[in-house]
Amino acid sequence: MTTSAPSPGYRTGKICYVEMPAVDVAASARFYEQVFGWQTRQRDDGSTAFDDTVGQVSGMWVTGRQPATDASTGLMVSIMVADAATTIQAILDAGGEIVQPVNPDEREVYARFRDPAGNVLGIYQQEGLAESEGVAPTP
């Protein structure tokens, strides 16, 4: 019998909602849909919201707010990926920019990117995730 790990669900302290600055909400939505597979939806008020791929974090893009552009100060949000190399290529193909490539000397596999609105976020390659998702990680 196979049992799966329980999902994080609702717990005090869980990150649950993110407001992400955008210059062009539609372009930002396309970027995150294309690169990370996020689901987007229109809210009753007309704003565009998103849900991550496991339905645990949601949020929306907001205009009129400065992007988080400096990776050396402030909050850094990272998105879990199965394969950093494949994701980096998807980021570039979708119009993003890599601002800190993977460092082969680090034990952890991570990089930082700039999205179309100028926000700097990270990607983190979770060990074993590629195999559990049935994809072969790029060497």
# chains A, B, ... in the order shown; residues from 1 in each chain; ligands from 1
$ residues_around --residues "Gln89 of chain A" --least-positions-apart "6" --cutoff "10 Å" --atoms "only C-alpha atoms" --output "VMD selection string"
chain A and resid 35 96 to 98
$ write_last_selection --atoms "C-alpha atoms" --output "PDB file, in the first residue's frame"
ATOM      1  CA  VAL A  35       7.411  28.901 -16.837  1.00  0.00           C
ATOM      2  CA  GLY A  96      12.806  36.615 -18.122  1.00  0.00           C
ATOM      3  CA  GLU A  97      16.445  37.190 -17.237  1.00  0.00           C
ATOM      4  CA  ILE A  98      18.824  35.168 -15.074  1.00  0.00           C
TER       5      ILE A  98
END
$ residues_around --residues "Ile79 of chain A" --least-positions-apart "3" --cutoff "8 Å" --atoms "only C-alpha atoms" --output "MDAnalysis selection string"
chainID A and resid 121:124
$ write_last_selection --atoms "C-alpha atoms" --output "PDB file, in the first residue's frame"
ATOM      1  CA  LEU A 121      12.828  35.793  -7.382  1.00  0.00           C
ATOM      2  CA  GLY A 122      14.680  32.547  -6.913  1.00  0.00           C
ATOM      3  CA  ILE A 123      14.296  29.011  -8.130  1.00  0.00           C
ATOM      4  CA  TYR A 124      15.322  26.087  -5.961  1.00  0.00           C
TER       5      TYR A 124
END
$ residues_around --residues "Tyr32 of chain A" --least-positions-apart "3" --cutoff "10 Å" --atoms "only C-alpha atoms" --output "list in words"
Ala27, Ser28, Ala29, Val35, Phe36, Gly37, Trp38, Gln39, Thr40, Phe50, Asp52, Ile91, Ala94, Asp115 and Pro116 of chain A
$ write_last_selection --atoms "C-alpha atoms" --output "CSV table (one decimal), in the first residue's frame"
chain,number,residue,atom,x,y,z
A,27,ALA,CA,2.3,39.6,-19.5
A,28,SER,CA,3.1,38.6,-15.9
A,29,ALA,CA,0.3,36.0,-15.8
A,35,VAL,CA,7.4,28.9,-16.8
A,36,PHE,CA,5.9,27.4,-13.7
A,37,GLY,CA,2.5,26.2,-14.7
A,38,TRP,CA,0.6,28.5,-12.3
A,39,GLN,CA,-3.2,28.6,-12.7
A,40,THR,CA,-4.6,32.1,-13.2
A,50,PHE,CA,-3.0,33.0,-9.4
A,52,ASP,CA,0.7,27.8,-7.4
A,91,ILE,CA,12.5,31.7,-17.9
A,94,ALA,CA,9.4,33.5,-21.7
A,115,ASP,CA,10.5,38.5,-14.3
A,116,PRO,CA,8.9,40.8,-17.0
$ residues_around --residues "Val99 of chain A" --least-positions-apart "6" --cutoff "9 Å" --atoms "only C-alpha atoms" --output "ChimeraX atom specification"
/A:71,111-114,120
$ write_last_selection --atoms "C-alpha atoms" --output "PDB file, in the first residue's frame"
ATOM      1  CA  ALA A  71      18.184  40.383  -4.443  1.00  0.00           C
ATOM      2  CA  ALA A 111      19.413  30.586  -9.184  1.00  0.00           C
ATOM      3  CA  ARG A 112      17.751  33.996  -9.248  1.00  0.00           C
ATOM      4  CA  PHE A 113      15.773  35.520 -12.087  1.00  0.00           C
ATOM      5  CA  ARG A 114      14.070  38.761 -13.036  1.00  0.00           C
ATOM      6  CA  VAL A 120      13.765  39.233  -8.651  1.00  0.00           C
TER       7      VAL A 120
END
$ select_by_dssp --residues "chain A" --states "strand (DSSP E or B)" --output "PyMOL selection string"
chain A and resi 17-21+39-42+48-51+58-62+78-81+97-100+109-114+120-125
$ closest_residue --among "A:Val77, A:Ile88, A:Thr69, A:Gly13" --to "Gly118 of chain A" --atoms "only C-alpha atoms"
A:Thr69
$ closest_residue --among "A:Gly46, A:Gly59, A:Gly74, A:Pro101" --to "Cys16 of chain A" --atoms "only C-alpha atoms"
A:Gly59
$ closest_residue --among "A:Asn103, A:Glu127, A:Asn119, A:Val135" --to "Ser78 of chain A" --atoms "only C-alpha atoms"
A:Asn119
